[in-house]
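Just below is one structure, and these are the notes that go with it.
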Amino acid sequence: MIPYTKPDLDGSEIAYITEALRSGHLHGGGEFTKRSERWLESRLGTHRAILTPSCTAALEMAAILCDVGPGDEVIMPSFTFVSTANAVVLRGGVPVFVDVRPDTMNMDEDLAAAAVTDRTKAIFAVHYAGTMCDMERLVAVARPRGAMVVEDAAQALLSTRDHRHAGTIGDLGCLSFHSTKNVTCGEGGALLVNDPALAARAEVIHEKGTDRSRFLRGEVDKYSWRDVGSSFVPSEVTAAFLLAQLERADAIGEERRRIWDAYHRALEPLETAGIIRRQAVPAACEGNAHIYFVITRTAEERSALIAHLRARGISATFHYVPLHSAPAGLRYARSAGPLPVTESLSDRLVRLPIWSGLDPEPVIEAVLSWSRSPLG
């Protein structure tokens with residue numbers, strides 16, 4: 001079976017984990033944590049990077065930093081993972097769903113602008129498949145209204161738009177290092193603090209609402225409860241694994257790009273024939289090859305393609321069930337108008353396998369053979 005995804009573990013993961021274990025410093029905040037955070041700060045150009053146990057945790061921290069409270073509205077796409085919305089709902093806020101663009105599956109920036117009300121507290125932009133939203137446009141929408149901008153860059157480490165990294169343009173950015181991501185530590189994430197005015201509070205929230213970090217730096221003689229917070233600190237073992245991955249991030253990205261490009265070249269004739277639509281990346285963007293997807297003509301064809309691949313030992317999948325149609329979405333959120341693009345494309349999207357070391361040819365041949373079948 002060709003799996004949909006598989007982590008690249010050819011670096012110093014075992015050596016670094018062993019070093020962390022032998023150091024005796026297993027809780028967070030050790031040297032591997034500091035080195036990983038410095039890597040992110042230097043490479044991405046963010047003011048402060050803070051490791052978290054997951055991107056979900058980073059999004060929850062972001063919602064706190066945005067001061068989301070009961071009744072506050074946060075604009076976001078319905079086509080996203082549940083963590084984007086949950087972070088808002090946990091603070092008593094209301095996710096406001098807008099439709100996506102048909103080219104990138106990212107939030108339609110014009111519809112986001114139209115969805116702003118006097119209750120809008122923030123805009124949560126999601127960079128789907130590693131292709132960035134037009135962040136300059138979203139920031140321009142938010143700023144005059146005093147709303148903050150958070151980038152859900154879970155899938156977008158090292159993606160750029162106009163040479164600026166994903167997660168570094170809004171007030172805050174959130175990264176994922178889940179095992180399905182290009183760079184992984186099994187479960188992990190990071191909060192990118194781009195507005196220096198938010199850094200001190202982010203540090204307190206990260207440390208369960210205390211000023212423990214200041215105490216450890218010798219800036220105060222004891223630490224105490226200062227603000228709301230939670231256990232947002234990952235272990236040093238997790239950070240050791242992550243650092244080994246970060247050091248190979250470029251090599252991992254190049255390997256995934258090789259596969260992405262092979263798919264894109266080979267499937268062009270099917271797009272020309274109108275059988276599928278290939279993943280689109282705007283000229284201003286350079287994606288990170290996190291996902292390669294195609295759009296079929298109908299939901300039935302999507303199911304047939306996935307079944308055709310599975311019969312040949314190839315795992316492919318779809319993404320996502322739109323949040324506005326989910327039971328919790330109906331209960332906790334609202335939609336800013338109809339979402340026809342989200343509803344149509346989410347029923348027809350197929351993600352093809354992509355991971356370091358994958359031979360794309362069997363997958364390509366399977367898609368081509370499906371296209372010659374009655375449902376192709």
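Convention: chains lettered A, B, ... in structure tokens order; per-chain residue numbering from 1; ligands numbered from 1 as shown.
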Neighbour list for region 141-143 of chain A as a PDB file with N, CA and C atoms, in the first residue's frame, cut-off 8 Å, only C-alpha atoms, skip fewer than 3 positions in-chain:
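The new file result_15.pdb reads:
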ATOM      1  N   ALA A 113     -13.986  40.957   3.606  1.00  0.00           N
ATOM      2  CA  ALA A 113     -14.199  42.388   3.831  1.00  0.00           C
ATOM      3  C   ALA A 113     -15.681  42.689   4.020  1.00  0.00           C
ATOM      4  N   ALA A 122     -11.489  39.723  15.007  1.00  0.00           N
ATOM      5  CA  ALA A 122     -10.295  39.263  14.302  1.00  0.00           C
ATOM      6  C   ALA A 122     -10.678  38.577  13.001  1.00  0.00           C
ATOM      7  N   ILE A 123      -9.684  38.420  12.152  1.00  0.00           N
ATOM      8  CA  ILE A 123      -9.788  37.600  10.950  1.00  0.00           C
ATOM      9  C   ILE A 123      -8.766  36.482  11.087  1.00  0.00           C
ATOM     10  N   ARG A 137      -4.120  42.260   1.672  1.00  0.00           N
ATOM     11  CA  ARG A 137      -5.530  42.640   1.530  1.00  0.00           C
ATOM     12  C   ARG A 137      -6.275  42.434   2.842  1.00  0.00           C
ATOM     13  N   LEU A 138      -6.061  41.307   3.507  1.00  0.00           N
ATOM     14  CA  LEU A 138      -6.772  41.026   4.753  1.00  0.00           C
ATOM     15  C   LEU A 138      -6.343  41.970   5.872  1.00  0.00           C
ATOM     16  N   GLY A 146      -9.822  48.059  13.727  1.00  0.00           N
ATOM     17  CA  GLY A 146      -9.234  47.652  14.987  1.00  0.00           C
ATOM     18  C   GLY A 146      -9.245  46.155  15.217  1.00  0.00           C
ATOM     19  N   ALA A 147      -9.466  45.386  14.154  1.00  0.00           N
ATOM     20  CA  ALA A 147      -9.471  43.923  14.264  1.00  0.00           C
ATOM     21  C   ALA A 147      -8.049  43.390  14.080  1.00  0.00           C
ATOM     22  N   MET A 148      -7.761  42.263  14.716  1.00  0.00           N
ATOM     23  CA  MET A 148      -6.462  41.630  14.575  1.00  0.00           C
ATOM     24  C   MET A 148      -6.511  40.567  13.478  1.00  0.00           C
ATOM     25  N   VAL A 149      -5.339  40.188  12.996  1.00  0.00           N
ATOM     26  CA  VAL A 149      -5.239  39.184  11.936  1.00  0.00           C
ATOM     27  C   VAL A 149      -4.344  38.050  12.415  1.00  0.00           C
TER      28      VAL A 149
END
**Expected answer as a PyMOL selection string: helix (DSSP H, G or I) residues in region 81-216 of chain A** = chain A and resi 82-89+109-114+128-130+135-145+196-206+212-216
With only C-alpha atoms counted and 10 Å as the cut-off, give the residues of region 266-285 of chain A in contact with region 126-132 of chain A, each with its shortest interatomic distance in Å and the pair that gives it, as a Markdown table.
| residue | atom | partner | partner_atom | distance |
| --- | --- | --- | --- | --- |
| A:Gln279 | CA | A:Ala129 | CA | 9.2 |
| A:Ala280 | CA | A:Thr131 | CA | 8.8 |
| A:Val281 | CA | A:Thr131 | CA | 6.5 |
| A:Pro282 | CA | A:Thr131 | CA | 8.1 |
| A:Ala284 | CA | A:Met132 | CA | 9.2 |
| A:Cys285 | CA | A:Thr131 | CA | 6.7 |
Preceding selection exported with N, CA and C atoms as a PDB file, in the first residue's frame:
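Result written to part-v5.pdb:
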ATOM      1  N   GLN A 279      -4.355  21.602  -8.996  1.00  0.00           N
ATOM      2  CA  GLN A 279      -4.126  22.595  -7.952  1.00  0.00           C
ATOM      3  C   GLN A 279      -3.502  23.843  -8.557  1.00  0.00           C
ATOM      4  N   ALA A 280      -3.993  25.002  -8.161  1.00  0.00           N
ATOM      5  CA  ALA A 280      -3.496  26.269  -8.688  1.00  0.00           C
ATOM      6  C   ALA A 280      -2.687  27.003  -7.625  1.00  0.00           C
ATOM      7  N   VAL A 281      -1.599  27.645  -8.042  1.00  0.00           N
ATOM      8  CA  VAL A 281      -0.791  28.466  -7.147  1.00  0.00           C
ATOM      9  C   VAL A 281      -0.584  29.820  -7.815  1.00  0.00           C
ATOM     10  N   PRO A 282      -1.071  30.920  -7.202  1.00  0.00           N
ATOM     11  CA  PRO A 282      -0.901  32.240  -7.802  1.00  0.00           C
ATOM     12  C   PRO A 282       0.570  32.577  -8.057  1.00  0.00           C
ATOM     13  N   ALA A 284       2.313  35.094  -7.405  1.00  0.00           N
ATOM     14  CA  ALA A 284       3.014  35.750  -6.298  1.00  0.00           C
ATOM     15  C   ALA A 284       3.446  34.772  -5.216  1.00  0.00           C
ATOM     16  N   CYS A 285       2.909  33.540  -5.270  1.00  0.00           N
ATOM     17  CA  CYS A 285       3.139  32.569  -4.195  1.00  0.00           C
ATOM     18  C   CYS A 285       4.177  31.524  -4.576  1.00  0.00           C
TER      19      CYS A 285
END
**Asked** What does the distance from CA of Arg302 (chain A) to CA of Phe318 (chain A) come to in Å, to one decimal?
**Response**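 One can read the CA of Arg302 (chain A) to CA of Phe318 (chain A) distance as 8.6 Å.
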**Counting only C-alpha atoms, the residue of A:Ala366, A:Glu236, A:Ala328, A:Asp8 that sits nearest Ser23 (chain A)** = A:Glu236
For region 278-351 of chain A against region 243-250 of chain A, with a cut-off of 12 Å and counting only C-alpha atoms, what is the closest atom pair and its distance in Å to one decimal for every residue that makes the cut, ordered by chain and number, as JSON lines?
{"residue": "A:Asn288", "atom": "CA", "partner": "A:Asp250", "partner_atom": "CA", "distance": 9.6}
{"residue": "A:Ala289", "atom": "CA", "partner": "A:Asp250", "partner_atom": "CA", "distance": 11.5}
{"residue": "A:His290", "atom": "CA", "partner": "A:Ala249", "partner_atom": "CA", "distance": 12.0}
Only N, CA and C atoms, please: the residues just picked out, written as a PDB file, in the first residue's frame.
ATOM      1  N   ASN A 288       4.855  25.236  -0.464  1.00  0.00           N
ATOM      2  CA  ASN A 288       5.815  24.324   0.157  1.00  0.00           C
ATOM      3  C   ASN A 288       5.561  22.865  -0.199  1.00  0.00           C
ATOM      4  N   ALA A 289       4.700  22.626  -1.200  1.00  0.00           N
ATOM      5  CA  ALA A 289       4.402  21.267  -1.664  1.00  0.00           C
ATOM      6  C   ALA A 289       3.881  20.387  -0.532  1.00  0.00           C
ATOM      7  N   HIS A 290       3.089  20.982   0.341  1.00  0.00           N
ATOM      8  CA  HIS A 290       2.525  20.183   1.434  1.00  0.00           C
ATOM      9  C   HIS A 290       1.455  19.222   0.924  1.00  0.00           C
TER      10      HIS A 290
END
**Request:** Run DSSP on the backbone and grab whatever in region 56-284 of chain A lands in strand (DSSP E); send it over as a PyMOL selection string.
**Result:** chain A and resi 73-77+94-98+120-126+148-152+160-161+164-165+172-176+189-193+276-278
Which residues are close to Leu44 (chain A), i.e. within 8 Å by only C-alpha atoms, leaving aside same-chain residues fewer than 2 positions away? Reply as a PDB file with N, CA and C atoms, in the first residue's frame.
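File written: result.pdb
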ATOM      1  N   LEU A  40      13.273  29.200  13.917  1.00  0.00           N
ATOM      2  CA  LEU A  40      12.057  29.772  13.341  1.00  0.00           C
ATOM      3  C   LEU A  40      12.148  31.291  13.251  1.00  0.00           C
ATOM      4  N   GLU A  41      12.649  31.915  14.287  1.00  0.00           N
ATOM      5  CA  GLU A  41      12.756  33.382  14.288  1.00  0.00           C
ATOM      6  C   GLU A  41      13.698  33.853  13.198  1.00  0.00           C
ATOM      7  N   SER A  42      14.848  33.197  13.081  1.00  0.00           N
ATOM      8  CA  SER A  42      15.847  33.618  12.103  1.00  0.00           C
ATOM      9  C   SER A  42      15.398  33.331  10.677  1.00  0.00           C
ATOM     10  N   THR A  46      10.227  36.353  12.103  1.00  0.00           N
ATOM     11  CA  THR A  46       9.216  36.759  13.076  1.00  0.00           C
ATOM     12  C   THR A  46       9.895  37.343  14.312  1.00  0.00           C
ATOM     13  N   LEU A 158       7.419  27.595   5.492  1.00  0.00           N
ATOM     14  CA  LEU A 158       8.347  27.938   4.401  1.00  0.00           C
ATOM     15  C   LEU A 158       7.641  28.317   3.100  1.00  0.00           C
ATOM     16  N   HIS A 165       7.214  35.158   4.388  1.00  0.00           N
ATOM     17  CA  HIS A 165       6.855  33.832   4.856  1.00  0.00           C
ATOM     18  C   HIS A 165       5.458  33.773   5.459  1.00  0.00           C
ATOM     19  N   THR A 168       3.948  35.243   9.127  1.00  0.00           N
ATOM     20  CA  THR A 168       4.722  36.389   9.608  1.00  0.00           C
ATOM     21  C   THR A 168       4.128  37.746   9.226  1.00  0.00           C
TER      22      THR A 168
END
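Minimum distance to Glu268 (chain A) across A:Ile169, A:Ile364, A:Ala202, A:Ala57 (counting only C-alpha atoms) occurs at A:Ile364.
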**Prompt:** Using only C-alpha atoms, which residues sit within 12 Å of Ile276 (chain A) once same-chain residues fewer than 3 positions away are excluded, as an NGL selection string?
**Reply:** :A and (264 or 267-273 or 279 or 293-299 or 301-302 or 305 or 345 or 348-350 or 367-368 or 370-371 or 375-376)
**Asked** For Val94 (chain A), which residue out of A:Met1, A:Val74, A:Ile252, A:Leu330 is the nearest one, using only C-alpha atoms?
**Response**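 Among the listed residues, A:Val74 lies closest to Val94 (chain A).
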**Request:** Find the distance between CA of Thr80 (chain A) and CA of Asn182 (chain A) and write it in Å to one decimal.
**Result:**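 Distance between the two atoms: 18.1 Å.
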**Prompt:** Hey, what's within 12 Å of Asp152 (chain A) if we count only C-alpha atoms and toss same-chain stuff fewer than 2 positions away? As a VMD selection string, please?
**Reply:** chain A and resid 55 to 60 62 to 63 76 to 77 80 to 85 87 106 to 107 123 to 133 135 149 to 150 154 to 157 166 to 176 189 to 192
Write a file of the just-selected residues containing C-alpha atoms, as a compact mmCIF listing (two decimals), in the first residue's frame.
# COMPACT_ATOMS: atom_id res chain seq x y z
CA CYS A 55 -1.08 24.15 16.22
CA THR A 56 -4.41 23.84 18.04
CA ALA A 57 -2.70 25.16 21.18
CA ALA A 58 -1.13 28.01 19.18
CA LEU A 59 -4.55 28.97 17.80
CA GLU A 60 -6.02 28.92 21.31
CA ALA A 62 -3.91 33.48 19.54
CA ALA A 63 -7.60 33.74 20.43
CA MET A 76 -12.64 32.57 8.80
CA PRO A 77 -13.27 30.08 6.00
CA THR A 80 -10.64 24.45 7.41
CA PHE A 81 -9.83 22.05 10.23
CA VAL A 82 -11.99 22.28 13.36
CA SER A 83 -9.16 23.76 15.47
CA THR A 84 -9.49 27.12 13.70
CA ALA A 85 -13.08 27.47 14.86
CA ALA A 87 -10.10 28.29 19.35
CA ASN A 106 -8.41 29.98 0.51
CA MET A 107 -10.83 32.49 2.01
CA ILE A 123 -9.79 37.60 10.95
CA PHE A 124 -8.32 34.08 10.98
CA ALA A 125 -6.73 33.46 7.57
CA VAL A 126 -6.03 29.84 6.60
CA HIS A 127 -3.28 29.05 4.08
CA TYR A 128 -4.72 25.89 2.56
CA ALA A 129 -2.31 23.34 1.03
CA GLY A 130 0.61 25.69 1.72
CA THR A 131 -0.67 28.38 -0.68
CA MET A 132 -0.92 31.74 1.05
CA CYS A 133 -3.90 34.08 1.18
CA MET A 135 -2.44 38.82 3.53
CA VAL A 149 -5.24 39.18 11.94
CA VAL A 150 -4.14 35.63 12.75
CA ALA A 154 -0.59 24.92 9.89
CA GLN A 155 0.15 23.64 6.39
CA ALA A 156 2.41 26.43 5.22
CA LEU A 157 5.85 26.34 6.86
CA ALA A 166 3.52 32.38 5.87
CA GLY A 167 2.68 33.19 9.46
CA THR A 168 4.72 36.39 9.61
CA ILE A 169 2.41 39.02 8.10
CA GLY A 170 -0.55 39.05 10.47
CA ASP A 171 -0.31 40.00 14.13
CA LEU A 172 0.14 36.31 14.95
CA GLY A 173 0.88 33.12 13.05
CA CYS A 174 0.27 29.48 13.96
CA LEU A 175 2.30 26.52 12.67
CA SER A 176 1.77 22.78 12.90
CA GLY A 189 3.23 23.57 16.88
CA ALA A 190 4.45 27.12 17.25
CA LEU A 191 2.98 30.56 17.80
CA LEU A 192 4.68 33.30 15.78
**Asked** Of the candidates A:Gly209, A:Pro374, A:Gly28, A:Gly313, which shows the shortest atom-to-atom distance to Ile2 (chain A), using only C-alpha atoms?
**Response**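 Of the candidates, the smallest distance to Ile2 (chain A) is held by A:Gly313.
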**Message:** Nearest residue to Thr184 (chain A) out of A:Gly24, A:Pro144, A:Pro7, A:Gly357, using only C-alpha atoms?
**Reply:**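 Using only C-alpha atoms, Thr184 (chain A) sits closest to A:Pro7.
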**Request:** With a distance cut-off of 8 Å and only C-alpha atoms, select the neighbouring residues of Glu13 (chain A), excluding the residue or stretch itself and same-chain residues fewer than 3 positions from it, and output the selection as a VMD selection string.
**Result:** chain A and resid 9 to 10 16 to 17 240 to 245
